[in-house]
Amino acid sequence: MTTAQLIALDQILFILVAAVWAAAGGVALTAARQPREAARRTFLAAAALCAAAIAVTALRLLVTVGLARAGWSLVAEKVTLALPLVVVPALASAVISLPRLLRPGPEPSARRVAFPLLVTAYGAAAGIICGVVISYPVTAGGVVAVLALFSGASALTWRLLTPGPLSPGRLSPGRRSGDRWRLAGVSVLLVALIWAVSGNWSGGHLHAGHDATAFGVPVDQLLGPSGREARRFTLTARPATVRLPSGRTVEAWSFNGQVPGPVLRVRQGDLVEVTLLNRLPGQPVTIHWHGYDVPGGEDGVPGVTQDAVKPGQSHVYRFRATDPGTYWYHSHQNSSLAVPRGLFGMLIVDPAQPPKGDHTVALHTFGDRLTMSVDGSAPTDERATASIPPGSPVRLRIVDTDSLPLTLGLSGVPYRIAAVDGGDVPGATDLTGRRLHLAAGGRYDLTFTMPSRPVLLCAEGHPGLLIRNPGPGAPAPAAASGPVVDITRYGSRVPVPGRFDQEVTWVLDRTLALVDGVPKLGYTVNGKAWPYIPTPLVRQGQTIKITVVNRGRDTHPMHPHGHHVQILSRDGVRANGLRMDTFDVAPGEVWEVALIADNPGIWMSHCHDLNHAAQGMEFHLAYEGITTPFDVSAGNHPA
């Protein structure tokens with residue numbers, strides 16, 4: 001089984017284990033209140049449930065062993081806490097309860113047979129709490145909370161199963177006093193639980209750079225140069241209406257009245273100056289240059305590198321276009337709302353000698369309709385067309401602006417993946433009929449020579465782009481249906497760092513956490529949600545190894561701002577060293593990437609499924625000595 005399948009099975013089993021042990025204990029309890037003949041049948045039913053519970057517990061133990069092979073972070077809380085709390089009582093139940101349930105003769109007492117079964121059920125329930133509250137890493141507060149609940153439930157059950165009058169009216173004053181002390185003890189345990197779990201959810205302040213008293217270089221001084229020779233653009237955020245060819249009308253947010261926003265096309269070496277004007281009623285905006293490693297103060301993250309631009313205000317971004325490639329821009333203020341509504345566009349940096357046959361393709365979903373915008377045209381949810389003479393070189397620059405990955409295919413011609421996330425792919429080879437997995441926020445440049453027959457670019461959920469020759473043409477080819485290319489092994493390998501100054505682990509999960517100040521099921525990193533996720537501190541010039549582990553059941557396209565990373569391995573298999581800025585970590589996967597700390601700042605890193613980011617999966621990577629005067633609580637909402 002794959003790691004993802006083992007994770008799914010484990011989540012089923014820890015509920016099933018608790019349910020079966022609880023059923024066995026409950027049935028054994030009911031037998032004590034039945035006539036002898038009926039009680040014997042009930043005890044046998046409890047014995048069958050106990051045997052089944054032992055079997056599913058053993059299966060969960062085997063699943064944990066399988067998960068452990070993929071990495072300690074997938075099983076830490078299971079091995080150290082959850083499994084001992086169920087396995088040890090399960091052994092006691094097998095030795096004490098099961099033989100007595102099966103023994104002919106006088107019926108055993110409910111306390112002797114049911115108590116071990118119920119304690120095992122509490123241990124199994126503690127395993128559920130471990131998975132939902134503790135995750136990874138295992139914290140002292142989480143351990144105290146789980147042990148307090150387990151011990152309190154077990155002690156209370158023993159007390160309730162003790163023979164004697166239980167009615168309050170029949171208790172002696174001394175016994176009533178003892179019950180008050182027990183009630184006080186339970187209350188103390190609950191307070192300890194709340195304190196411990198609350199400490200586990202939160203993790204202190206964001207980062208020293210956010211403190212007003214912090215000393216260092218403010219991030220708003222890390223700006224791009226200014227100059228009279230700059231290529232100047234103006235982007236005005238304002239409402240717009242998008243009418244799709246299918247007849248659907250979408251009330252959108254736009255740049256310059258169009259969705260997508262204008263394609264900003266510059267040449268390598270240009271100084272770029274973009275003025276953002278906000279004419280959106282009641283909605284602040286920023287511009288983040290996705291995948292472009294701009295200076296720290298130009299990153300467009302509200303509360304980190306700037307304050308959000310309020311309606312009627314403006315902001316100027318400047319950076320030198322040193323790296324050619326395909327990039328895009330979007331608002332990072334309330335991005336889980338702003339990007340789906342249309343506040344995005346493409347940024348193309350041409351090399352000194354621009355390629356011929358260059359075309360942009362932006363994929364975006366409005367509601368449930370996937371649309372395609374070719375060369376900055378209005379989005380269409382019907383088949384797009386283009387006319388290119390045979391023999392012409394073609395370069396399709398494709399971006400997934402959604403929060404979910406897309407499956408692409410190009411049929412009718414051999415093609416190459418010439419670039420990924422703006423960077424060229426060394427040793428790119430021809431592909432025929434193969435499909436591609438494109439991460440949310442990621443980009444592929446596909447190149448080919450136009451043949452004499454039509455070519456079809458297909459995108460999952462969209463009729464695609466049909467490229468024909470001028471004049472009458474042949475019918476469209478069938479959509480590509482071949483295997484999906486493993487982008488981490490495509491092309492030739494490139495050198496990767498051999499030593500690291502620091503190693504960082506990001507464990508991705510969905511657990512109980514403080515999200516927007518409210519305890520809820522959120523998307524977490526290392527057991528915590530924004531803004532409580534610990535911030536790795538790096539120094540300029542360091543090489544950082546980042547291990548990303550996905551313990552959950554959702555795919556997470558991880559996007560570190562201000563840097564590209566080199567892919568070292570996926571699930572222990574050596575990768576090609578490709579440079580990416582957005583990489584999909586599927587359920588159960590373990591990625592290792594290398595990051596060179598060569599761009600000082602305080603950088604947002606997050607899942608580019610923007611709904612996941614809004615529910616906690618965003619955090620910082622910060623350089624020592626860099627501070628920020630901005631705060632996320634002053635109307636700045638980066639997710």
# chains A, B, ... in the order shown; residues from 1 in each chain; ligands from 1

call {"tool": "residues_around", "arguments": {"residues": "Ser331 (chain A)", "least_positions_apart": "4", "cutoff": "6 Å", "atoms": "only C-alpha atoms", "output": "number ranges by chain"}}
result
A: 285-288, 335, 343

call {"tool": "atom_distance", "arguments": {"atom1": "CA of Pro379 (chain A)", "atom2": "CA of Arg468 (chain A)"}}
result
19.6 Å

call {"tool": "residues_around", "arguments": {"residues": "Val349 (chain A)", "least_positions_apart": "6", "cutoff": "9 Å", "atoms": "only C-alpha atoms", "output": "PDB file with C-alpha atoms, in the first residue's frame"}}
result
ATOM      1  CA  LEU A 264       3.088  42.739 -18.172  1.00  0.00           C
ATOM      2  CA  ARG A 265       5.857  42.008 -20.664  1.00  0.00           C
ATOM      3  CA  VAL A 266       9.386  43.286 -20.069  1.00  0.00           C
ATOM      4  CA  ARG A 267      12.891  42.356 -21.185  1.00  0.00           C
ATOM      5  CA  GLN A 268      15.699  40.927 -19.067  1.00  0.00           C
ATOM      6  CA  ASP A 270      14.668  46.222 -17.475  1.00  0.00           C
ATOM      7  CA  ALA A 321      13.926  42.100 -14.169  1.00  0.00           C
ATOM      8  CA  THR A 322      17.070  39.973 -13.960  1.00  0.00           C
ATOM      9  CA  ASP A 323      15.546  36.506 -14.428  1.00  0.00           C
ATOM     10  CA  PRO A 324      13.750  35.705 -17.686  1.00  0.00           C
ATOM     11  CA  GLY A 325      10.749  33.410 -17.556  1.00  0.00           C
ATOM     12  CA  THR A 326       7.021  32.984 -16.933  1.00  0.00           C
ATOM     13  CA  TYR A 327       5.604  34.459 -13.722  1.00  0.00           C
ATOM     14  CA  GLY A 422      10.258  30.440 -14.865  1.00  0.00           C
TER      15      GLY A 422
END

call {"tool": "residues_around", "arguments": {"residues": "Asp400 (chain A)", "least_positions_apart": "3", "cutoff": "12 Å", "atoms": "only C-alpha atoms", "output": "MDAnalysis selection string"}}
result
chainID A and resid 290 326:329 339:340 344:346 360:365 370:373 397 403:408 421 437:445 459:460 557 582 608:609

call {"tool": "closest_residue", "arguments": {"among": "A:Ala125, A:Leu74, A:Ile626, A:Met558", "to": "Gln221 (chain A)", "atoms": "only C-alpha atoms"}}
result
A:Ile626

call {"tool": "select_by_dssp", "arguments": {"residues": "region 397-621 of chain A", "states": "alpha helix (DSSP H)", "output": "PyMOL selection string"}}
result
chain A and resi 610-614

call {"tool": "write_last_selection", "arguments": {"atoms": "C-alpha atoms", "output": "compact mmCIF listing (two decimals), in the first residue's frame"}}
result
# COMPACT_ATOMS: atom_id res chain seq x y z
CA LEU A 610 -5.46 29.60 -0.77
CA ASN A 611 -8.33 28.15 1.25
CA HIS A 612 -5.79 26.07 3.18
CA ALA A 613 -3.67 29.18 3.75
CA ALA A 614 -6.71 31.07 5.05

call {"tool": "closest_residue", "arguments": {"among": "A:Phe233, A:Thr275, A:Asn334, A:Ala38", "to": "Gln313 (chain A)", "atoms": "only C-alpha atoms"}}
result
A:Thr275

call {"tool": "closest_residue", "arguments": {"among": "A:Gly412, A:Gly342, A:Gly498, A:Pro560", "to": "Val242 (chain A)", "atoms": "only C-alpha atoms"}}
result
A:Gly342

call {"tool": "closest_residue", "arguments": {"among": "A:Thr139, A:Leu396, A:Phe366, A:Met1", "to": "Ala252 (chain A)", "atoms": "only C-alpha atoms"}}
result
A:Phe366

call {"tool": "atom_distance", "arguments": {"atom1": "CA of Tyr317 (chain A)", "atom2": "CA of Val274 (chain A)"}}
result
5.2 Å

call {"tool": "atom_distance", "arguments": {"atom1": "CA of Cys130 (chain A)", "atom2": "CA of Ile546 (chain A)"}}
result
25.1 Å
